[in-house]
Amino acid sequence: MKVLLVAPPRKLWPFMNEQDNFLMPQALPALAAVLRQDGHDVRVIDCMPEKMGWRRLEQEIRDFDPAVVAAGENHATYASEVIRLVRTVKEIDSSVITVLGGGHFTNVDELYLRQHPIDLIVRGEGEITMQQIARTLEDGTLADARQVDGIAWWDGRQVQYTAPRALVEDLDDLPIPAYDLMPMDKYGKAKYLFSNGGTTIHHSRGCPARCSFCVWWTQDAVRKVTTDEHGCRQEVLAPKWRTKSVDRMMAEIELLYEKYDKKCLIFTDPTFNVDPNWCSDFADALMARGYDDLTYMAFVRADFILRDHENGVLRKLVDSGLSHTCIGVERIEDDALGEWRKKFYSNDRTQKTFRILRDEYPKIFRQATFIVGDRKETPESMRRQLEFARTLKPDYPAFHPLTPFPGTAVYDEAVEKGWLEITDFDYFDLATPVMRSESMSREQIETEIYRLNRSFVSIPWLLKGLFSRSKYRRNMYIWWLRISLKIFLSSLAKGLNPFRGTRYTRLVEPDWYA
C-alpha cells in the first residue's frame, strides 16, 4: 500500500533564515521505518529543505497517488498548514485516507475533527498505532481501522475514541529511523548555526516533570480514561520518561556521522540529562568512537546539571562534545515556579548552575529561556526578569510570553476564565502575547518583551562572544549578529521602526511557499 508522510510548507520564523529552519522532523523517519518494515511503499516529503511550495506539493501528491496521507504537528503555530494539506489531499482524491498526529492534534482533536476532512487522528505516541492503521487498511476498510487503539475520529455527530495506546516500553524495539528516505544532504546547511551539518536526534521520550505551562511532556504521557459523575469521558495523563540504550543511540549517531556527515546533533529530548548513569555511559561510548569534531546541543535541567557537576558526569559530557545547553529558567520568583509545578527549580539553584557553567565549562554556549506575561505581570516584574538574566550571564536569554498551549493546565485555566484574547493558533508563536495580565495589555507586554531582549544586548557582551575560544560559541554569536542585522534592515525596508519595538516578528512567507 502506498503511504505518503508529509511535512507541508511552513512560513519561517524571522529569527531563522531559510537554511536554519531546515532541521529534520523526528517523527517522519521514525514512522517511515515502521511502515516500511511492514512492506508498504512509503514516501516522505519534507517540504522545507526541498523548498517545495504548495503547487509543487500538490503535483507530487498526484504523481505518487497514495492510499494514505499522514502528517502531524506538535506546534500550534503550524497547525493551519497541516489542515491546508488535508484539504488539498481531499480535493485531489476524496478517497485518500487522511491521518493526523502529534501533540497539537492530540490535545484538540475535537476542534479539528468537527471542522475538517480528517479521517483519523493518532493520539499520543504514533509508531505502533500508525503501523496497525496501515495493516488494517491494506486488508480492510476505514471502518475497520477505526477500531485500532489510540485514535479519534468523527462519526458525524461527535468524536469517537478508542482505548488509549500503551507506550512502547523499550524504545530499542523500534527500527532505526529511515534516514535514507529523508533529504539528508539538505539538513543543517547553515554556516554558523548548528554547524557543521546539524541534524535533530533524540535518545529519550517524555519527561519526569509535568510543568503546567509545558505541552511537551503530554505527547508521551501515560493515558488513562475515566468517567465523571455525569458520564463524560475524561483522560488523565501521567508523566513517563523512557530512553533508548546507549548501544542503540550510538548506532544512530554512527549512521548519521559516517554516512551522512552530520557532526552537530540537536537533541530534541524534553530533558536530556535525566539519568546520570545513561549520560555517563553515553559520554564514554561517544569518546571511544573518536568523533573529536562532533558537537551536540541539549535541553537540560538545572538541578540535574548541579548533580552531574558533583558526580563528574558533566565533565565527561562536555569532553564528549556537549557544546550548547538550553535551560528553562522561567522566572526569578520561586513562588511562580511552584505555581507552575516547577518546584525543583529555585533562584539560588539556578544562579549556582549558571555560575558553574560559566566558570567551569567556558566552552559551553549557555542559553536560557524566561516566561513573562502571566496574570500578575507588571512592567516592574518584567524588568526583574531582565536583571535576573544579567545576574546569570547566559550567552543568550530568550524572553517569551506565557503561551497557553492546548493540553496544558495553563490553557485550561485561560479558557475557563476567558483570558484568551487571541484564539487563532497561528499566533501561538512564542513571540506574540495572546492574553493580557491584570495590569498590562497584550501590546504592552509585547513591547516590553522587545525592550528586554534589546536591553540585554551590549557591545561588551557581543565582543566577548565573538572572540570566545570556543568555535561553537563564536559561531552562535556570528549567527545572531547576522540574523539581527538582516531583520533590522528588512524592517526598515518595510517602513517599520525596529527602535520602537514595532511588531516585525511575525512568520515570514518565503518566495517558494505558494
# chains A, B, ... in the order shown; residues from 1 in each chain; ligands from 1
>>> residues_around(residues="Cys47 (chain A)", least_positions_apart="4", cutoff="8 Å", atoms="only C-alpha atoms", output="CSV table (one decimal) with all heavy atoms, in the first residue's frame")
chain,number,residue,atom,x,y,z
A,6,VAL,N,4.0,13.5,5.1
A,6,VAL,CA,4.3,14.9,4.6
A,6,VAL,C,4.5,15.9,5.8
A,6,VAL,O,3.8,15.9,6.8
A,6,VAL,CB,3.1,15.4,3.8
A,6,VAL,CG1,3.5,16.8,3.2
A,6,VAL,CG2,2.8,14.5,2.6
A,7,ALA,N,5.6,16.7,5.7
A,7,ALA,CA,5.7,17.9,6.5
A,7,ALA,C,5.5,19.0,5.5
A,7,ALA,O,6.3,19.3,4.6
A,7,ALA,CB,7.1,18.0,7.1
A,8,PRO,N,4.3,19.7,5.5
A,8,PRO,CA,4.0,20.7,4.5
A,8,PRO,C,4.8,21.9,4.5
A,8,PRO,O,5.6,22.1,5.5
A,8,PRO,CB,2.5,20.9,4.8
A,8,PRO,CG,2.3,20.7,6.2
A,8,PRO,CD,3.3,19.5,6.5
A,9,PRO,N,4.7,22.8,3.5
A,9,PRO,CA,5.4,24.1,3.6
A,9,PRO,C,5.0,24.9,4.8
A,9,PRO,O,3.9,24.9,5.3
A,9,PRO,CB,4.9,24.8,2.3
A,9,PRO,CG,4.4,23.7,1.4
A,9,PRO,CD,3.8,22.6,2.3
A,10,ARG,N,6.0,25.5,5.3
A,10,ARG,CA,5.9,26.4,6.5
A,10,ARG,C,6.3,27.8,6.2
A,10,ARG,O,7.3,28.0,5.5
A,10,ARG,CB,6.7,25.9,7.7
A,10,ARG,CG,6.1,24.7,8.4
A,10,ARG,CD,7.0,24.4,9.6
A,10,ARG,NE,6.5,23.4,10.5
A,10,ARG,CZ,7.1,23.0,11.6
A,10,ARG,NH1,8.2,23.6,12.0
A,10,ARG,NH2,6.6,22.1,12.4
A,51,LYS,N,12.4,23.1,-0.3
A,51,LYS,CA,11.8,24.4,-0.8
A,51,LYS,C,10.7,24.1,-1.7
A,51,LYS,O,10.6,24.7,-2.8
A,51,LYS,CB,12.9,25.3,-1.5
A,51,LYS,CG,14.0,25.7,-0.5
A,51,LYS,CD,14.9,26.7,-1.2
A,51,LYS,CE,16.0,27.2,-0.3
A,51,LYS,NZ,16.9,28.2,-0.9
A,52,MET,N,9.8,23.2,-1.3
A,52,MET,CA,8.7,22.8,-2.1
A,52,MET,C,7.4,23.5,-1.6
A,52,MET,O,7.0,23.4,-0.5
A,52,MET,CB,8.5,21.3,-1.9
A,52,MET,CG,7.4,20.7,-2.8
A,52,MET,SD,7.0,18.9,-2.5
A,52,MET,CE,8.6,18.2,-3.0
A,53,GLY,N,6.9,24.4,-2.5
A,53,GLY,CA,5.7,25.1,-2.2
A,53,GLY,C,4.4,24.3,-2.5
A,53,GLY,O,4.5,23.1,-2.8
A,57,LEU,N,3.9,20.7,-4.3
A,57,LEU,CA,3.5,19.6,-3.4
A,57,LEU,C,2.2,18.9,-4.0
A,57,LEU,O,2.1,17.7,-4.0
A,57,LEU,CB,3.2,20.1,-2.0
A,57,LEU,CG,2.6,19.1,-1.0
A,57,LEU,CD1,3.5,17.9,-0.8
A,57,LEU,CD2,2.3,19.8,0.3
>>> residues_around(residues="Leu402 (chain A)", least_positions_apart="6", cutoff="9 Å", atoms="only C-alpha atoms", output="list of chain:residue names")
A:Phe213, A:Ile371, A:Val372, A:Gly373, A:Asp374, A:Val410, A:Leu430, A:Pro433, A:Val434, A:Met435
>>> select_by_dssp(residues="region 46-128 of chain A", states="strand (DSSP E)", output="PyMOL selection string")
chain A and resi 46+68-72+97-101+120-122
>>> write_last_selection(atoms="all heavy atoms", output="mmCIF file, in the first residue's frame")
data_model
loop_
_atom_site.group_PDB
_atom_site.id
_atom_site.type_symbol
_atom_site.label_atom_id
_atom_site.label_comp_id
_atom_site.auth_asym_id
_atom_site.auth_seq_id
_atom_site.Cartn_x
_atom_site.Cartn_y
_atom_site.Cartn_z
ATOM 1 N N ASP A 46 9.424 16.194 2.884
ATOM 2 C CA ASP A 46 9.662 17.262 3.849
ATOM 3 C C ASP A 46 9.874 18.540 3.049
ATOM 4 O O ASP A 46 10.930 18.771 2.465
ATOM 5 C CB ASP A 46 10.892 16.944 4.705
ATOM 6 C CG ASP A 46 11.085 17.943 5.831
ATOM 7 O OD1 ASP A 46 10.261 18.871 5.954
ATOM 8 O OD2 ASP A 46 12.066 17.804 6.595
ATOM 9 N N VAL A 68 -2.907 6.507 1.522
ATOM 10 C CA VAL A 68 -2.944 7.166 2.827
ATOM 11 C C VAL A 68 -1.963 8.332 2.802
ATOM 12 O O VAL A 68 -0.839 8.192 2.310
ATOM 13 C CB VAL A 68 -2.555 6.201 3.963
ATOM 14 C CG1 VAL A 68 -2.525 6.936 5.303
ATOM 15 C CG2 VAL A 68 -3.498 5.019 4.022
ATOM 16 N N VAL A 69 -2.396 9.471 3.323
ATOM 17 C CA VAL A 69 -1.503 10.610 3.540
ATOM 18 C C VAL A 69 -1.549 10.942 5.025
ATOM 19 O O VAL A 69 -2.632 11.132 5.591
ATOM 20 C CB VAL A 69 -1.905 11.837 2.709
ATOM 21 C CG1 VAL A 69 -1.050 13.045 3.099
ATOM 22 C CG2 VAL A 69 -1.758 11.552 1.222
ATOM 23 N N ALA A 70 -0.381 11.006 5.638
ATOM 24 C CA ALA A 70 -0.301 11.278 7.075
ATOM 25 C C ALA A 70 0.606 12.471 7.330
ATOM 26 O O ALA A 70 1.616 12.669 6.632
ATOM 27 C CB ALA A 70 0.223 10.054 7.824
ATOM 28 N N ALA A 71 0.244 13.248 8.309
ATOM 29 C CA ALA A 71 1.035 14.407 8.714
ATOM 30 C C ALA A 71 0.779 14.634 10.199
ATOM 31 O O ALA A 71 -0.134 14.047 10.787
ATOM 32 C CB ALA A 71 0.674 15.646 7.900
ATOM 33 N N GLY A 72 1.581 15.494 10.795
ATOM 34 C CA GLY A 72 1.383 15.776 12.214
ATOM 35 C C GLY A 72 1.977 17.107 12.585
ATOM 36 O O GLY A 72 2.684 17.740 11.796
ATOM 37 N N ILE A 97 -7.165 8.309 2.433
ATOM 38 C CA ILE A 97 -7.337 8.360 3.887
ATOM 39 C C ILE A 97 -6.359 9.370 4.465
ATOM 40 O O ILE A 97 -5.154 9.286 4.240
ATOM 41 C CB ILE A 97 -7.103 6.974 4.520
ATOM 42 C CG1 ILE A 97 -8.012 5.925 3.891
ATOM 43 C CG2 ILE A 97 -7.322 7.048 6.034
ATOM 44 C CD1 ILE A 97 -9.484 6.219 4.011
ATOM 45 N N THR A 98 -6.879 10.328 5.221
ATOM 46 C CA THR A 98 -6.034 11.347 5.848
ATOM 47 C C THR A 98 -5.889 11.045 7.334
ATOM 48 O O THR A 98 -6.873 10.843 8.043
ATOM 49 C CB THR A 98 -6.624 12.752 5.657
ATOM 50 O OG1 THR A 98 -7.986 12.762 6.116
ATOM 51 C CG2 THR A 98 -6.593 13.151 4.186
ATOM 52 N N VAL A 99 -4.636 11.023 7.788
ATOM 53 C CA VAL A 99 -4.313 10.701 9.176
ATOM 54 C C VAL A 99 -3.421 11.803 9.734
ATOM 55 O O VAL A 99 -2.398 12.144 9.138
ATOM 56 C CB VAL A 99 -3.578 9.349 9.278
ATOM 57 C CG1 VAL A 99 -3.332 9.000 10.755
ATOM 58 C CG2 VAL A 99 -4.362 8.244 8.586
ATOM 59 N N LEU A 100 -3.819 12.358 10.863
ATOM 60 C CA LEU A 100 -3.016 13.376 11.534
ATOM 61 C C LEU A 100 -2.571 12.877 12.903
ATOM 62 O O LEU A 100 -3.237 12.032 13.518
ATOM 63 C CB LEU A 100 -3.796 14.685 11.693
ATOM 64 C CG LEU A 100 -4.256 15.389 10.419
ATOM 65 C CD1 LEU A 100 -4.849 16.743 10.754
ATOM 66 C CD2 LEU A 100 -3.119 15.526 9.419
ATOM 67 N N GLY A 101 -1.462 13.411 13.364
ATOM 68 C CA GLY A 101 -0.963 13.047 14.683
ATOM 69 C C GLY A 101 -0.175 14.192 15.281
ATOM 70 O O GLY A 101 -0.200 15.322 14.792
ATOM 71 N N LEU A 120 -8.717 10.178 10.521
ATOM 72 C CA LEU A 120 -8.255 9.625 11.791
ATOM 73 C C LEU A 120 -7.253 10.582 12.420
ATOM 74 O O LEU A 120 -6.434 11.194 11.716
ATOM 75 C CB LEU A 120 -7.552 8.271 11.586
ATOM 76 C CG LEU A 120 -8.343 7.127 10.936
ATOM 77 C CD1 LEU A 120 -7.397 5.992 10.567
ATOM 78 C CD2 LEU A 120 -9.431 6.640 11.876
ATOM 79 N N ILE A 121 -7.295 10.693 13.731
ATOM 80 C CA ILE A 121 -6.236 11.375 14.474
ATOM 81 C C ILE A 121 -5.576 10.360 15.393
ATOM 82 O O ILE A 121 -6.248 9.700 16.196
ATOM 83 C CB ILE A 121 -6.778 12.567 15.291
ATOM 84 C CG1 ILE A 121 -7.099 13.733 14.365
ATOM 85 C CG2 ILE A 121 -5.767 13.005 16.350
ATOM 86 C CD1 ILE A 121 -7.579 14.985 15.053
ATOM 87 N N VAL A 122 -4.271 10.213 15.238
ATOM 88 C CA VAL A 122 -3.486 9.337 16.109
ATOM 89 C C VAL A 122 -3.155 10.128 17.367
ATOM 90 O O VAL A 122 -2.576 11.212 17.301
ATOM 91 C CB VAL A 122 -2.194 8.885 15.413
ATOM 92 C CG1 VAL A 122 -1.306 8.110 16.379
ATOM 93 C CG2 VAL A 122 -2.530 8.030 14.196
#
>>> residues_around(residues="Leu171 (chain A)", least_positions_apart="2", cutoff="7 Å", atoms="only C-alpha atoms", output="number ranges by chain")
A: 168-169, 173-174, 243-244
>>> closest_residue(among="A:Trp54, A:Phe456, A:Trp217, A:Tyr513", to="Pro394 (chain A)", atoms="only C-alpha atoms")
A:Phe456
>>> closest_residue(among="A:Asp139, A:Asp180, A:Glu360, A:Asp63", to="Ala32 (chain A)", atoms="only C-alpha atoms")
A:Asp180
>>> residues_around(residues="region 466-476 of chain A", least_positions_apart="6", cutoff="8 Å", atoms="only C-alpha atoms", output="list in words")
Tyr192, Leu193, Ser323, Pro362, Lys363, Ile364 and Phe365 of chain A
>>> residues_around(residues="Phe272 (chain A)", least_positions_apart="3", cutoff="9 Å", atoms="only C-alpha atoms", output="ChimeraX atom specification")
/A:202-204,267-269,275,279,298-301
>>> write_last_selection(atoms="N, CA, C and O atoms", output="PDB file, in the first residue's frame")
ATOM      1  N   HIS A 202      17.052  12.116  19.037  1.00  0.00           N
ATOM      2  CA  HIS A 202      16.608  12.030  20.429  1.00  0.00           C
ATOM      3  C   HIS A 202      16.980  10.663  20.996  1.00  0.00           C
ATOM      4  O   HIS A 202      16.998   9.670  20.289  1.00  0.00           O
ATOM      5  N   HIS A 203      17.314  10.653  22.280  1.00  0.00           N
ATOM      6  CA  HIS A 203      17.582   9.372  22.946  1.00  0.00           C
ATOM      7  C   HIS A 203      16.442   8.986  23.870  1.00  0.00           C
ATOM      8  O   HIS A 203      16.287   7.810  24.211  1.00  0.00           O
ATOM      9  N   SER A 204      15.609   9.964  24.258  1.00  0.00           N
ATOM     10  CA  SER A 204      14.551   9.663  25.222  1.00  0.00           C
ATOM     11  C   SER A 204      13.244  10.304  24.780  1.00  0.00           C
ATOM     12  O   SER A 204      13.209  11.179  23.914  1.00  0.00           O
ATOM     13  N   PHE A 267      19.739  17.482  20.128  1.00  0.00           N
ATOM     14  CA  PHE A 267      18.885  16.540  20.849  1.00  0.00           C
ATOM     15  C   PHE A 267      17.562  17.227  21.182  1.00  0.00           C
ATOM     16  O   PHE A 267      17.528  18.272  21.831  1.00  0.00           O
ATOM     17  N   THR A 268      16.472  16.619  20.732  1.00  0.00           N
ATOM     18  CA  THR A 268      15.147  17.204  20.935  1.00  0.00           C
ATOM     19  C   THR A 268      14.454  16.675  22.188  1.00  0.00           C
ATOM     20  O   THR A 268      13.284  16.986  22.421  1.00  0.00           O
ATOM     21  N   ASP A 269      15.139  15.887  22.987  1.00  0.00           N
ATOM     22  CA  ASP A 269      14.563  15.365  24.220  1.00  0.00           C
ATOM     23  C   ASP A 269      14.082  16.519  25.105  1.00  0.00           C
ATOM     24  O   ASP A 269      14.809  17.495  25.297  1.00  0.00           O
ATOM     25  N   ASP A 275      18.965  10.787  33.508  1.00  0.00           N
ATOM     26  CA  ASP A 275      19.647   9.636  34.105  1.00  0.00           C
ATOM     27  C   ASP A 275      21.160   9.834  34.056  1.00  0.00           C
ATOM     28  O   ASP A 275      21.760   9.761  32.978  1.00  0.00           O
ATOM     29  N   CYS A 279      23.894   9.052  30.940  1.00  0.00           N
ATOM     30  CA  CYS A 279      24.744  10.123  30.419  1.00  0.00           C
ATOM     31  C   CYS A 279      26.222   9.761  30.519  1.00  0.00           C
ATOM     32  O   CYS A 279      27.008  10.041  29.602  1.00  0.00           O
ATOM     33  N   ALA A 298      21.663  20.279  23.849  1.00  0.00           N
ATOM     34  CA  ALA A 298      20.659  19.543  24.613  1.00  0.00           C
ATOM     35  C   ALA A 298      19.866  20.486  25.510  1.00  0.00           C
ATOM     36  O   ALA A 298      20.396  21.481  26.010  1.00  0.00           O
ATOM     37  N   PHE A 299      18.576  20.160  25.683  1.00  0.00           N
ATOM     38  CA  PHE A 299      17.728  20.820  26.668  1.00  0.00           C
ATOM     39  C   PHE A 299      17.940  20.106  27.998  1.00  0.00           C
ATOM     40  O   PHE A 299      17.692  18.897  28.102  1.00  0.00           O
ATOM     41  N   VAL A 300      18.383  20.834  29.010  1.00  0.00           N
ATOM     42  CA  VAL A 300      18.781  20.205  30.267  1.00  0.00           C
ATOM     43  C   VAL A 300      18.096  20.885  31.450  1.00  0.00           C
ATOM     44  O   VAL A 300      17.650  22.024  31.362  1.00  0.00           O
ATOM     45  N   ARG A 301      18.043  20.160  32.560  1.00  0.00           N
ATOM     46  CA  ARG A 301      17.515  20.712  33.803  1.00  0.00           C
ATOM     47  C   ARG A 301      18.649  21.211  34.667  1.00  0.00           C
ATOM     48  O   ARG A 301      19.692  20.563  34.796  1.00  0.00           O
TER      49      ARG A 301
END
>>> select_by_dssp(residues="region 303-475 of chain A", states="alpha helix (DSSP H)", output="number ranges by chain")
A: 303-311, 313-319, 334-339, 347-360, 379-392, 409-416, 442-456, 459-466, 471-475
>>> residues_around(residues="Val318 (chain A)", least_positions_apart="6", cutoff="12 Å", atoms="only C-alpha atoms", output="PyMOL selection string")
chain A and resi 279-280+282-284+286-287+292+294-298+305+308-309+312+324-325+357+360-365
>>> write_last_selection(atoms="N, CA, C and O atoms", output="mmCIF file, in the first residue's frame")
data_model
loop_
_atom_site.group_PDB
_atom_site.id
_atom_site.type_symbol
_atom_site.label_atom_id
_atom_site.label_comp_id
_atom_site.auth_asym_id
_atom_site.auth_seq_id
_atom_site.Cartn_x
_atom_site.Cartn_y
_atom_site.Cartn_z
ATOM 1 N N CYS A 279 23.894 9.052 30.940
ATOM 2 C CA CYS A 279 24.744 10.123 30.419
ATOM 3 C C CYS A 279 26.222 9.761 30.519
ATOM 4 O O CYS A 279 27.008 10.041 29.602
ATOM 5 N N SER A 280 26.601 9.154 31.608
ATOM 6 C CA SER A 280 27.994 8.753 31.781
ATOM 7 C C SER A 280 28.409 7.709 30.751
ATOM 8 O O SER A 280 29.455 7.831 30.101
ATOM 9 N N PHE A 282 26.951 7.111 27.923
ATOM 10 C CA PHE A 282 26.867 7.713 26.601
ATOM 11 C C PHE A 282 28.131 8.503 26.284
ATOM 12 O O PHE A 282 28.702 8.400 25.188
ATOM 13 N N ALA A 283 28.575 9.301 27.239
ATOM 14 C CA ALA A 283 29.797 10.086 27.031
ATOM 15 C C ALA A 283 30.991 9.175 26.781
ATOM 16 O O ALA A 283 31.817 9.443 25.896
ATOM 17 N N ASP A 284 31.097 8.100 27.554
ATOM 18 C CA ASP A 284 32.197 7.142 27.358
ATOM 19 C C ASP A 284 32.154 6.548 25.952
ATOM 20 O O ASP A 284 33.180 6.449 25.265
ATOM 21 N N LEU A 286 30.712 7.727 23.266
ATOM 22 C CA LEU A 286 30.950 8.722 22.231
ATOM 23 C C LEU A 286 32.442 9.046 22.122
ATOM 24 O O LEU A 286 32.993 9.140 21.013
ATOM 25 N N MET A 287 33.107 9.184 23.256
ATOM 26 C CA MET A 287 34.547 9.469 23.231
ATOM 27 C C MET A 287 35.336 8.292 22.663
ATOM 28 O O MET A 287 36.348 8.480 21.982
ATOM 29 N N ASP A 292 36.047 13.534 17.426
ATOM 30 C CA ASP A 292 36.525 14.741 18.088
ATOM 31 C C ASP A 292 35.886 16.018 17.538
ATOM 32 O O ASP A 292 35.876 17.055 18.216
ATOM 33 N N LEU A 294 32.699 16.294 16.626
ATOM 34 C CA LEU A 294 31.253 16.249 16.821
ATOM 35 C C LEU A 294 30.870 17.120 18.014
ATOM 36 O O LEU A 294 31.500 17.063 19.074
ATOM 37 N N THR A 295 29.829 17.932 17.839
ATOM 38 C CA THR A 295 29.281 18.726 18.932
ATOM 39 C C THR A 295 27.794 18.405 19.069
ATOM 40 O O THR A 295 27.172 17.901 18.139
ATOM 41 N N TYR A 296 27.233 18.707 20.234
ATOM 42 C CA TYR A 296 25.793 18.492 20.387
ATOM 43 C C TYR A 296 25.189 19.488 21.356
ATOM 44 O O TYR A 296 25.851 20.034 22.232
ATOM 45 N N MET A 297 23.890 19.726 21.116
ATOM 46 C CA MET A 297 23.090 20.655 21.897
ATOM 47 C C MET A 297 22.014 19.863 22.624
ATOM 48 O O MET A 297 21.500 18.880 22.094
ATOM 49 N N ALA A 298 21.663 20.279 23.849
ATOM 50 C CA ALA A 298 20.659 19.543 24.613
ATOM 51 C C ALA A 298 19.866 20.486 25.510
ATOM 52 O O ALA A 298 20.396 21.481 26.010
ATOM 53 N N ILE A 305 22.070 19.446 36.254
ATOM 54 C CA ILE A 305 23.413 19.950 35.951
ATOM 55 C C ILE A 305 24.235 20.012 37.234
ATOM 56 O O ILE A 305 25.418 19.608 37.261
ATOM 57 N N ASP A 308 25.229 16.506 38.215
ATOM 58 C CA ASP A 308 26.228 15.886 37.349
ATOM 59 C C ASP A 308 27.569 16.611 37.391
ATOM 60 O O ASP A 308 28.600 16.034 37.030
ATOM 61 N N HIS A 309 27.566 17.858 37.825
ATOM 62 C CA HIS A 309 28.843 18.518 38.089
ATOM 63 C C HIS A 309 29.524 17.875 39.293
ATOM 64 O O HIS A 309 30.741 17.633 39.286
ATOM 65 N N GLY A 312 30.809 14.232 38.412
ATOM 66 C CA GLY A 312 31.783 14.123 37.338
ATOM 67 C C GLY A 312 31.208 13.821 35.967
ATOM 68 O O GLY A 312 31.946 13.808 34.977
ATOM 69 N N HIS A 324 26.318 23.077 23.853
ATOM 70 C CA HIS A 324 25.202 24.032 23.893
ATOM 71 C C HIS A 324 24.143 23.480 24.841
ATOM 72 O O HIS A 324 23.604 22.400 24.614
ATOM 73 N N THR A 325 23.861 24.213 25.891
ATOM 74 C CA THR A 325 22.796 23.819 26.813
ATOM 75 C C THR A 325 21.697 24.875 26.783
ATOM 76 O O THR A 325 21.964 26.077 26.705
ATOM 77 N N LEU A 357 28.519 26.625 35.139
ATOM 78 C CA LEU A 357 28.707 26.520 33.689
ATOM 79 C C LEU A 357 29.654 27.600 33.183
ATOM 80 O O LEU A 357 30.514 27.344 32.327
ATOM 81 N N GLU A 360 33.348 26.864 35.102
ATOM 82 C CA GLU A 360 34.000 25.566 34.970
ATOM 83 C C GLU A 360 33.947 25.003 33.549
ATOM 84 O O GLU A 360 34.788 24.181 33.183
ATOM 85 N N TYR A 361 32.974 25.455 32.769
ATOM 86 C CA TYR A 361 32.795 24.892 31.420
ATOM 87 C C TYR A 361 32.618 26.034 30.410
ATOM 88 O O TYR A 361 31.559 26.179 29.787
ATOM 89 N N PRO A 362 33.643 26.859 30.231
ATOM 90 C CA PRO A 362 33.505 28.069 29.406
ATOM 91 C C PRO A 362 33.264 27.792 27.921
ATOM 92 O O PRO A 362 32.857 28.705 27.196
ATOM 93 N N LYS A 363 33.479 26.567 27.460
ATOM 94 C CA LYS A 363 33.250 26.251 26.051
ATOM 95 C C LYS A 363 31.759 26.111 25.723
ATOM 96 O O LYS A 363 31.367 26.180 24.561
ATOM 97 N N ILE A 364 30.935 25.920 26.747
ATOM 98 C CA ILE A 364 29.512 25.686 26.517
ATOM 99 C C ILE A 364 28.791 26.999 26.206
ATOM 100 O O ILE A 364 28.973 27.998 26.906
ATOM 101 N N PHE A 365 27.972 26.978 25.165
ATOM 102 C CA PHE A 365 27.071 28.092 24.878
ATOM 103 C C PHE A 365 25.869 27.943 25.798
ATOM 104 O O PHE A 365 25.152 26.946 25.744
#
>>> residues_around(residues="region 83-89 of chain A", least_positions_apart="4", cutoff="8 Å", atoms="only C-alpha atoms", output="VMD selection string")
chain A and resid 8 58 61 69 79 93 to 94 96 98 116 to 118
>>> closest_residue(among="A:Gly39, A:Gly103, A:Gly206, A:Pro49", to="Gln131 (chain A)", atoms="only C-alpha atoms")
A:Gly39
>>> closest_residue(among="A:Arg506, A:Arg390, A:Arg331, A:Arg62", to="Asn453 (chain A)", atoms="only C-alpha atoms")
A:Arg390
>>> atom_distance(atom1="CA of Gly140 (chain A)", atom2="CA of Pro177 (chain A)")
27.2 Å
>>> closest_residue(among="A:Ile332, A:Cys264, A:Val34, A:Cys214", to="Gly407 (chain A)", atoms="only C-alpha atoms")
A:Cys214
>>> closest_residue(among="A:Thr378, A:Ser80, A:Ser346, A:Ser95", to="Asp426 (chain A)", atoms="only C-alpha atoms")
A:Ser80
